[in-house]
Each structure stands twice: as structure tokens, then as C-alpha cells.
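Enquirer: First the structure, which I've put down as C-alpha cells, then a few questions once you've had a look.
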Amino acid sequence: MNSKMTELPVEIVMVEDDEGHARLIEKNIRRAGVNNAIRPFTNGTDAVNFLFGIDGSGTTNKGKPLLILLDLNLPDMTGIDILKRVKTNDNLKRVPVVILTTTDDAVEIQRCYDLGCNVYITKPVNYENFAHAIRQLGLFFSVIQVPAAE
Amino acid sequence: MSDAPRSSFPFQPILLGIGFLLLIAISVATTWLVNQSADDAAAVAHTLRVQDKLSNLLLDVRRAESGQRGYLLTNDQQYLEDYREVVPTFDGQIGELRTLTQDNPSRTFAFDEAAALIKTKISEMDRTIDINSSGDRQEALKLVLGGLGRDTMNRLRELVERLIADEGRLLDIRGERSRSNNFLLLMMALLGSAVVVLIGAASVFLVQRNYKRAEIARQTVEATNANLEQIVAYRTADLTEANEEIQRFAYIVSHDLRSPLVNIMGFTGELEALRQDIFEQVSKLQADLKGLNAQMEPGTAENVDRLGHDFDEAIRFIKTSIANMDRLINAVLKLSREGRRQFNPETIDMNGLLDTVTQTVAHRATEAGATITIDTLPPVESDRLALQQVFANLVDNALKYSRNDEPNRIAIIGQTHAGKAIYDVTDTGRGIDPHDHQRVFELFRRSGTQDKPGEGIGLAHVRALVRRLGGTLSLQSELGKGSTFTVTLPRRWTVEKRSAA
């Protein structure tokens, strides 16, 4: 997965508090043949610091193609807060955000799309389905175009 | 309540009793006095009649005398007609007077005297008439002038006047007595009325006092009720909150348990993949060793097989347990989700609803040789989806737990009673042991031979739903005979009812 605009490889920012899940996601994405760098964060604060920088402007990631894989249930904040900040930030608003979470509440799903999330996936509780879904996601990652952050 | 003994003293009945006694006394006295008064009136009438008779008697004697005088004066026989008419009545008149006054012995002598005087008078008059008739007019007049007739007449007049005056005195005495009686009667009536009015006033006072007390008591009760209502409202709010907390708890727990489970499943899968890789490596190494003709320790191959077998067994147990746990967590999640769902009350044609429910199991019923009959069911205002789940579960259970030796007859009947709609789902299936009548409603608990698939959440789910709909679910069952599940629902369910329930 590359960016046509920069020809730089897309970096996947994975915000997932459960390290096991993170590892399983990574393994299954790799199995789909995606070799992009994955930058894992296990809490919201670290992820926010990376995405928006110390000054919170997001200029540090200017020109970098990113894709965010976001869990909603984080220990220190809800993923919705991160989604809202990304989608209202001038530098990061075009960064694709994939919500990958256990919640399948209809209201929650609507809210995320309203806030500008690009894909919403419910983690299947059954492992086979989970692995399958992640592999599909990996295949999806291998074909999508990602713009660079401005 | 310090005045309780005072208020318990029966003032009012006693007052009423006194009032009644007085009224009775007044009535008796009045009746007596009225009787007395009637007697007096009769006595007065009697006196007047005696006086009248006496006057008449005197008048008739005078009539006889004037007839005699007229005859003597004119020698006209016509004058004797009055005389002859009147004279024979004297005995009768005296007799009448005697009877009228027989209660007064002094009168007897007076009438004896009167009778004698009248007799003398008559004989004097008869003689003059006789003498005159014989033609000796002078002799007859001489007899009249002799004065015997006049004297007799005067004495009779005096006697009669005395008697009339006497009777008049009696009348005065009786009149006096009658007046005093009447006065007494009036006084009695006035006094009685006054007492009755007094008692009435006392009663009104007592009733008012009692009313005031009752009013105070009523206000106290009202205040207590209001207080109770408030307490109930608080408790209801507490319960609702506790219930919501349990729902949230169940949701969060089941939700959060899924995350580690995904890991356990995921890494079990990874382990399986690893086993595949490792054993492939081992086989390859074994083949390589064989190719090198190297000597393997005896039993190594068997050992490797056994290890693989043990590994597979461990993985299998883990996977089965995970599947079970996944099932349970999903069940809890489903229940908690149902508990959070908003109910939308609508009028439901229960026959239509049960037709839909039974249609989905019609094929299974035919295969099992079971029959399902649906009575005419009363409609109910409730949540359609919830009731669908309730009856789908009950019908499914009825069908599922049939007896092998007998075709199952499932009947659904309904009735209404006191604002409730009551539905019975009856089967002739295997029934439930009395020990398990409560247990079957508990989550993950089942009863009887475990030969049918199931998670033990159906009835728990049904009961939770029925309770949320403000109803009750009860069971009657005999082992080996069949079961009846009774769903009792309020005929109209509203959102307010739920918070009140």
C-alpha cells in the first residue's frame, strides 16, 4: 500500500489496548500480504501524542501517508474522541480511519460515520471469523489509495 | 390518642336511648290524656243530654197541663189530643233519665220524687178531665182552683230546675277537670318537645365533634398515604436504578469478557498452526535422519506420535471450553441487550401472533407427530417483538420436550380476568420434576434428561421479558404428563407502567 502522491509507503497507526488483539491483527494483516509498517499504541494518550505532536497541531505528520486502525474502548479515553480530533484537524482530516471494535451498537456505528470514520468493523467474537475479517481487511489495505497528510 | 377512653364512652347511643324513652313516655301520657279528654267530652255530652231530657220532661208535663186547661176552658176535645199524646211517654222518659243517671245514686230518689209528682199531677188532671166529660164543668174548675195541680206543678218545676242546676254544676266540675287535663297535656307535649330538641342539639354537637375527629383522622391517614407513596416512589426509583445497573453490569461484563476470549481463541489457533509447523519440522528431521541412516533411539517415533496426540487432545479441550464460554457470554449479552431494548406498546392480535409463531415450527411439529391448537385469544396492548419471543420460546419448548411414546398435543388458550390477559401454553410432553419448577427459570439451568440441544436461557429470557411487560410467568407440570406455562399480562402495558412496576 503506497501513496500515489508521495510514493511513500503508508504507515498503519494501530490504536489497540489489548496487546493480544494487536498481535493477532498484525499477524493476520501480514498473512494477507500487507508489509507496511505498523505502529502500535496501547493507549489513547500515546497515540494522540504521535498523531498530533507535542503542540497538538498534527504538523509533525505533514506529508506522511497514514492509515489509522482505531479501537473505541481504550483505557484512558474513548476512540471516538480521537476520531473527532483527527477528522477536525486540518492536517489529518483526510487520513482514512478504520474503526475496529467489539461494540456493535447501532447508535455508536452511526455516530462514528457521522464523525467521518471511513470504515467501521465489528470484531467478530469467534476467532475464525475474527481472523478472516482481519485478513479481508488486510486485502482491502493492499488495494486502497491513501492521501498524504497535508 | 389520650382522649381515646373518653371518645369510646357511648354518649350518642345513651342520648338516643333517653330520647326514645322520653318520646315513649310522652306518647303514653298523651294517649292517656287524650283518652281522658275524650271521657270528659263524653261526660259533658252526657250531662247536656240529661239536662235536655229533664227540660223536655218538664215541657211535656206543661204541654199536658196546657192541654187539660185548654179543654177545661173550651170543652174542645181537640185540646186533649196533646194531653193524650204526651201522658203515656212520662214513664218512658223517667226510665230513660234513670238509666242515664244510674251512676249517681242521689238521682234515684230525685226521680222517685219526680215520678210521684208527675203521677199526682196526672191523676189530678185525669180527674178534672173525667169530671168535665161528665158535664160538671163547675166541679172540675173547682178542683183546678183547689190548687193541688198548681202546687204539684210548681214542686215538679222546682225539682227539675234543681236537677238541671245540679247537672250544670257537675258539668262545671268536669269542664274544670278537662281544662286542667288539657293544660297538663300541653305542658307534657311542650316539655317533651323541649327535651327532644335538647337531645337533638346534643346529638348534633356530638356528631359534629365526631366528624371533626374523623376529619383529623382522615387527614392523618392521607398524610400517611402520601408519605407511603413517596416511600414507594423512592424504592421504585432505587429498584429501577439497581436493575439498570445490573443490566449495564451484565452488558459490560459480557462485552469485556469477549476481548480476552478472542485472544485465547486466536492464540489457540496460532498454537495449532505452530504445532503443524513443529511436527512438519520433526517429520522432516526424522526423514533427514533416515536419509543419513543415523540411528534413532528406539521408541522415538512412537513418542512423537504420542506427543502429537496429547497436544491435539489439549487443544481440543481448550477449544470446546472456549466454544462453551463463548456461547454463555453470548447468551448473557443477548439477555442484557434484550433488557435494554425499548418496548413499543401496540394492540396485538394474539391469534395472528401465535399463528406466525406456530407456522415457523409447523414442519417440526408434523415430523414429530405433534398437534398445535390455538383457542380464540384476547388481544393485548404490549410489545410485539417481546411477545413473539415469549411465545416462540414456550411453543418451541413444548415441542422440543415431548415424550417418545406419545404424540404431543399442544394447546394455547386465553382468557381475561380483572384487567389481565392470561394465556396458557399446555403440552402433553415429558413434564418437569416438581423439584425443578423454579430451577428451569434460572439462567443456564435445565431439567430432566439432557438429550436435546439448548443453552438453558430460553425460560430465563421469557421470564425476564414477561416481568418487564408487567406480567408473571408460572408453571404447572407433572413429570411424564405434561406442562402448562401460564403467561399473565396486563391488558394495557404503558411505558409508565414499567417504571411503576
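Residues are named by chain letter and number: chains run A, B, ... in the order of the C-alpha cells, numbers start at 1 in each chain, and ligands are numbered from 1 in the order shown.
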Dump as a Markdown table the rows for residues of chain A within 12 Å of chain B: closest atom pair and distance in Å with one decimal, only C-alpha atoms counted, ordered by chain and rising residue number.
Expert:
| residue | atom | partner | partner_atom | distance |
| --- | --- | --- | --- | --- |
| A:Glu16 | CA | B:Ser259 | CA | 11.3 |
| A:Asp17 | CA | B:Ser259 | CA | 10.4 |
| A:Asp18 | CA | B:Ser259 | CA | 7.8 |
| A:Glu19 | CA | B:Asn263 | CA | 9.0 |
| A:Gly20 | CA | B:Asn263 | CA | 5.6 |
| A:His21 | CA | B:Asn263 | CA | 6.1 |
| A:Ala22 | CA | B:Asn263 | CA | 9.5 |
| A:Arg23 | CA | B:Asn263 | CA | 9.2 |
| A:Leu24 | CA | B:Gly266 | CA | 6.7 |
| A:Ile25 | CA | B:Gly266 | CA | 9.7 |
| A:Glu26 | CA | B:Gly266 | CA | 11.9 |
| A:Lys27 | CA | B:Glu270 | CA | 9.5 |
| A:Asn28 | CA | B:Gly266 | CA | 10.2 |
| A:Asp71 | CA | B:Ser259 | CA | 11.6 |
| A:Asn73 | CA | B:Asp256 | CA | 9.6 |
| A:Leu74 | CA | B:Asp256 | CA | 11.7 |
| A:Thr101 | CA | B:Ser259 | CA | 9.6 |
| A:Thr102 | CA | B:His255 | CA | 7.5 |
| A:Thr103 | CA | B:His255 | CA | 8.0 |
| A:Asp104 | CA | B:His255 | CA | 10.3 |
| A:Asp105 | CA | B:Arg337 | CA | 9.8 |
| A:Thr122 | CA | B:Ser259 | CA | 11.9 |
| A:Lys123 | CA | B:Val262 | CA | 8.9 |
| A:Pro124 | CA | B:Val262 | CA | 8.3 |
| A:Val125 | CA | B:Val262 | CA | 6.0 |
| A:Asn126 | CA | B:Val262 | CA | 6.7 |
| A:Tyr127 | CA | B:Met265 | CA | 5.4 |
| A:Glu128 | CA | B:Gly266 | CA | 7.8 |
| A:Asn129 | CA | B:Val262 | CA | 10.1 |
| A:Phe130 | CA | B:Val262 | CA | 7.9 |
| A:Ala131 | CA | B:Gly266 | CA | 7.6 |
| A:His132 | CA | B:Gly266 | CA | 11.1 |
| A:Ile134 | CA | B:Gly266 | CA | 11.7 |
Enquirer: Among segment 29-148 of chain A, which residues does DSSP mark as alpha helix (DSSP H) when it is run on the backbone? Keep the chain and numbering as in the structure and answer as number ranges by chain.
Expert: A: 29-31, 44-52, 79-88, 106-114, 127-143
Enquirer: If we count only C-alpha atoms and set the cut-off at 8 Å, which residues sit around segment 39-55 of chain A, ignoring sequence neighbours fewer than 4 positions away in its own chain? Please answer as number ranges by chain.
Expert: A: 11-19, 22, 59-61, 74-79, 82
Enquirer: Within 9 Å of Leu335 of chain B, counting only C-alpha atoms, which residues qualify if same-chain residues fewer than 3 places away don't, as number ranges by chain?
Expert: B: 247, 250-251, 330-332, 338-340, 457, 460-461, 464
Enquirer: Deliver the residues from the most recent selection as a file, using N, CA and C atoms, as a compact mmCIF listing (two decimals), in the first residue's frame.
Expert:
# COMPACT_ATOMS: atom_id res chain seq x y z
N GLN B 247 -28.23 -4.46 34.47
CA GLN B 247 -28.22 -4.58 33.01
C GLN B 247 -26.89 -4.08 32.45
N ALA B 250 -24.15 -6.53 33.36
CA ALA B 250 -24.18 -7.73 32.52
C ALA B 250 -23.61 -7.42 31.14
N TYR B 251 -23.98 -6.25 30.64
CA TYR B 251 -23.54 -5.88 29.30
C TYR B 251 -22.02 -5.69 29.28
N ASN B 330 -22.32 -15.05 25.00
CA ASN B 330 -23.29 -14.54 24.02
C ASN B 330 -24.70 -14.53 24.59
N ALA B 331 -25.01 -15.59 25.38
CA ALA B 331 -26.35 -15.66 25.98
C ALA B 331 -26.57 -14.48 26.93
N VAL B 332 -25.56 -14.23 27.79
CA VAL B 332 -25.68 -13.11 28.73
C VAL B 332 -25.81 -11.80 27.95
N GLU B 338 -31.52 -7.51 25.39
CA GLU B 338 -32.98 -7.53 25.43
C GLU B 338 -33.48 -6.63 26.56
N GLY B 339 -32.75 -6.68 27.66
CA GLY B 339 -33.14 -5.87 28.82
C GLY B 339 -33.03 -4.39 28.54
N ARG B 340 -32.20 -4.02 27.59
CA ARG B 340 -32.01 -2.60 27.30
C ARG B 340 -32.90 -2.12 26.17
N ILE B 457 -31.24 -20.92 28.45
CA ILE B 457 -31.53 -19.49 28.61
C ILE B 457 -32.96 -19.14 28.18
N ALA B 460 -35.40 -18.40 31.13
CA ALA B 460 -34.91 -17.23 31.87
C ALA B 460 -35.21 -15.97 31.08
N HIS B 461 -34.98 -16.08 29.79
CA HIS B 461 -35.25 -14.97 28.87
C HIS B 461 -36.75 -14.64 28.87
N ALA B 464 -37.80 -12.98 32.10
CA ALA B 464 -37.31 -11.59 32.16
C ALA B 464 -38.20 -10.69 31.30
Enquirer: Name the residues in contact with segment 138-149 of chain A at a cut-off of 12 Å, using only C-alpha atoms, excluding same-chain residues fewer than 2 positions from it; report them as a compact mmCIF listing (two decimals) with C-alpha atoms, in the first residue's frame.
Expert:
# COMPACT_ATOMS: atom_id res chain seq x y z
CA MET A 1 0.00 0.00 0.00
CA ASN A 2 1.57 3.16 -1.24
CA SER A 3 0.52 6.73 -1.68
CA LYS A 4 0.33 7.90 -5.29
CA MET A 5 1.02 11.43 -4.19
CA THR A 6 4.21 10.77 -2.32
CA GLU A 7 5.18 7.28 -3.43
CA LEU A 8 5.93 6.75 0.22
CA PRO A 9 4.72 3.52 1.87
CA VAL A 10 1.66 4.03 4.01
CA GLU A 11 2.23 3.68 7.72
CA ILE A 12 -0.52 1.95 9.70
CA ILE A 25 -4.40 -8.23 13.94
CA GLU A 26 -0.81 -7.75 12.88
CA LYS A 27 -0.32 -11.45 12.13
CA ASN A 28 -3.46 -11.66 10.05
CA ILE A 29 -2.73 -8.47 8.18
CA ARG A 30 0.69 -9.83 7.33
CA ARG A 31 -0.90 -13.10 6.18
CA ALA A 32 -2.86 -11.04 3.67
CA GLY A 33 0.46 -9.90 2.27
CA VAL A 34 0.49 -6.39 3.68
CA ASN A 35 4.04 -5.45 4.60
CA ASN A 36 3.55 -1.81 5.56
CA ILE A 38 2.59 -0.92 11.70
CA LEU A 51 -0.68 11.86 15.69
CA PHE A 52 -0.85 15.49 16.71
CA GLY A 58 -0.55 17.47 13.63
CA THR A 59 2.10 19.25 11.56
CA THR A 60 4.68 16.59 12.52
CA ASN A 61 2.95 14.13 10.21
CA LYS A 62 2.68 16.57 7.34
CA GLY A 63 3.27 14.84 4.02
CA LYS A 64 3.19 11.34 5.53
CA PRO A 65 0.58 8.89 4.28
CA LEU A 66 -1.12 7.35 7.29
CA LEU A 67 -3.95 4.91 7.95
CA ILE A 68 -5.46 4.69 11.41
CA LEU A 69 -6.81 1.45 12.84
CA VAL A 86 -8.46 13.51 13.58
CA LYS A 87 -11.44 14.46 11.44
CA ASN A 89 -7.70 18.55 12.28
CA ASP A 90 -6.71 20.33 9.07
CA ASN A 91 -3.59 18.23 8.65
CA LEU A 92 -5.11 14.84 9.39
CA LYS A 93 -8.74 15.09 8.25
CA ARG A 94 -8.13 13.08 5.05
CA VAL A 95 -6.38 10.23 6.86
CA PRO A 96 -8.53 7.09 6.50
CA VAL A 97 -9.78 5.87 9.86
CA VAL A 98 -10.86 2.25 10.26
CA ASN A 118 -14.23 5.67 6.76
CA VAL A 119 -14.85 2.06 7.72
CA ALA A 131 -9.04 -13.87 11.64
CA HIS A 132 -10.99 -13.96 8.42
CA ALA A 133 -12.22 -10.38 8.88
CA ILE A 134 -8.72 -9.11 9.59
CA ARG A 135 -7.34 -10.91 6.56
CA GLN A 136 -10.06 -9.36 4.41
Enquirer: So what do you get for atom CA of Val466 of chain B versus atom CA of Ser254 of chain B, distance-wise?
Expert: 22.7 Å
Enquirer: Per DSSP on the backbone, what are the strand (DSSP E) residues of segment 394-443 of chain B, as a compact mmCIF listing (two decimals) with N, CA and C atoms, in the first residue's frame?
Expert:
# COMPACT_ATOMS: atom_id res chain seq x y z
N ARG B 409 -49.66 -33.13 22.28
CA ARG B 409 -50.77 -32.24 21.93
C ARG B 409 -50.54 -30.91 22.62
N ILE B 410 -50.30 -29.89 21.81
CA ILE B 410 -50.01 -28.57 22.36
C ILE B 410 -51.24 -27.69 22.17
N ALA B 411 -51.68 -27.06 23.25
CA ALA B 411 -52.88 -26.21 23.17
C ALA B 411 -52.56 -24.84 23.75
N ILE B 412 -53.01 -23.82 23.05
CA ILE B 412 -52.83 -22.46 23.56
C ILE B 412 -54.21 -21.85 23.77
N ILE B 413 -54.50 -21.52 25.01
CA ILE B 413 -55.81 -20.93 25.31
C ILE B 413 -55.61 -19.58 26.01
N GLY B 414 -56.63 -18.75 25.96
CA GLY B 414 -56.51 -17.42 26.56
C GLY B 414 -57.81 -16.98 27.18
N GLN B 415 -57.70 -16.11 28.16
CA GLN B 415 -58.89 -15.51 28.80
C GLN B 415 -58.48 -14.20 29.43
N THR B 416 -59.49 -13.41 29.82
CA THR B 416 -59.18 -12.17 30.51
C THR B 416 -59.79 -12.24 31.90
N HIS B 417 -59.10 -11.59 32.83
CA HIS B 417 -59.60 -11.56 34.20
C HIS B 417 -59.05 -10.33 34.89
N LYS B 420 -56.39 -8.31 33.34
CA LYS B 420 -55.23 -9.11 32.94
C LYS B 420 -55.62 -10.01 31.78
N ALA B 421 -54.67 -10.24 30.90
CA ALA B 421 -54.87 -11.23 29.85
C ALA B 421 -54.02 -12.43 30.24
N ILE B 422 -54.66 -13.61 30.25
CA ILE B 422 -53.98 -14.82 30.74
C ILE B 422 -53.91 -15.83 29.60
N TYR B 423 -52.70 -16.28 29.28
CA TYR B 423 -52.52 -17.25 28.20
C TYR B 423 -51.84 -18.50 28.75
N ASP B 424 -52.41 -19.66 28.39
CA ASP B 424 -51.83 -20.93 28.81
C ASP B 424 -51.25 -21.64 27.60
N VAL B 425 -50.01 -22.09 27.73
CA VAL B 425 -49.42 -22.95 26.70
C VAL B 425 -49.26 -24.32 27.34
N THR B 426 -50.10 -25.26 26.90
CA THR B 426 -50.14 -26.58 27.53
C THR B 426 -49.62 -27.64 26.56
N ASP B 427 -48.82 -28.56 27.08
CA ASP B 427 -48.39 -29.67 26.24
C ASP B 427 -48.60 -30.98 26.99
Enquirer: Could you tell me how far atom CA of Tyr401 of chain B lies from atom CA of Phe444 of chain B, in Å and to one decimal?
Expert: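 Computing it gives 16.7 Å between the two atoms.
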Enquirer: Got a sec: who's within 12 Å of Thr300 of chain B, counting only C-alpha atoms, leaving out chain neighbours fewer than 4 positions off, as an mmCIF file with C-alpha atoms, in the first residue's frame?
Expert:
data_model
loop_
_atom_site.group_PDB
_atom_site.id
_atom_site.type_symbol
_atom_site.label_atom_id
_atom_site.label_comp_id
_atom_site.auth_asym_id
_atom_site.auth_seq_id
_atom_site.Cartn_x
_atom_site.Cartn_y
_atom_site.Cartn_z
ATOM 1 C CA VAL B 282 10.122 -33.046 13.211
ATOM 2 C CA SER B 283 8.937 -35.254 10.351
ATOM 3 C CA GLN B 286 13.164 -37.734 11.037
ATOM 4 C CA GLN B 295 20.345 -44.413 14.460
ATOM 5 C CA MET B 296 17.267 -43.059 16.249
ATOM 6 C CA VAL B 304 6.496 -38.144 18.773
ATOM 7 C CA ASP B 305 3.112 -39.600 17.808
ATOM 8 C CA ARG B 306 2.024 -39.692 21.439
ATOM 9 C CA LEU B 307 3.121 -36.086 21.967
#
Enquirer: Could you state the separation of atom CA of Glu229 of chain B and atom CA of Phe343 of chain B in Å, given to one decimal place?
Expert: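 Going from atom CA of Glu229 of chain B over to atom CA of Phe343 of chain B covers 26.0 Å.
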Enquirer: Considering only C-alpha atoms, return as a list in words whatever protein or nucleic-acid residues lie within 10 Å of segment 352-364 of chain B, sequence-local ones (same chain, fewer than 6 positions apart) excluded.
Expert: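 My reading of the contact set: Ala370, Thr371, Ile372, Thr373, Ile374, Leu377, Pro379, Arg384, Leu385, Leu387, Gln388, Gln389, Val390, Phe391, Ala392, Asn393, Val395, Asp396, Leu399, Lys400 and Ile412 of chain B.
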Enquirer: With only C-alpha atoms as the atoms that count, which of B:Glu478, B:Glu455, B:Asp166, B:Asp136 lies nearest to Asn324 of chain B?
Expert: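 Closest to Asn324 of chain B, using only C-alpha atoms: B:Glu455.
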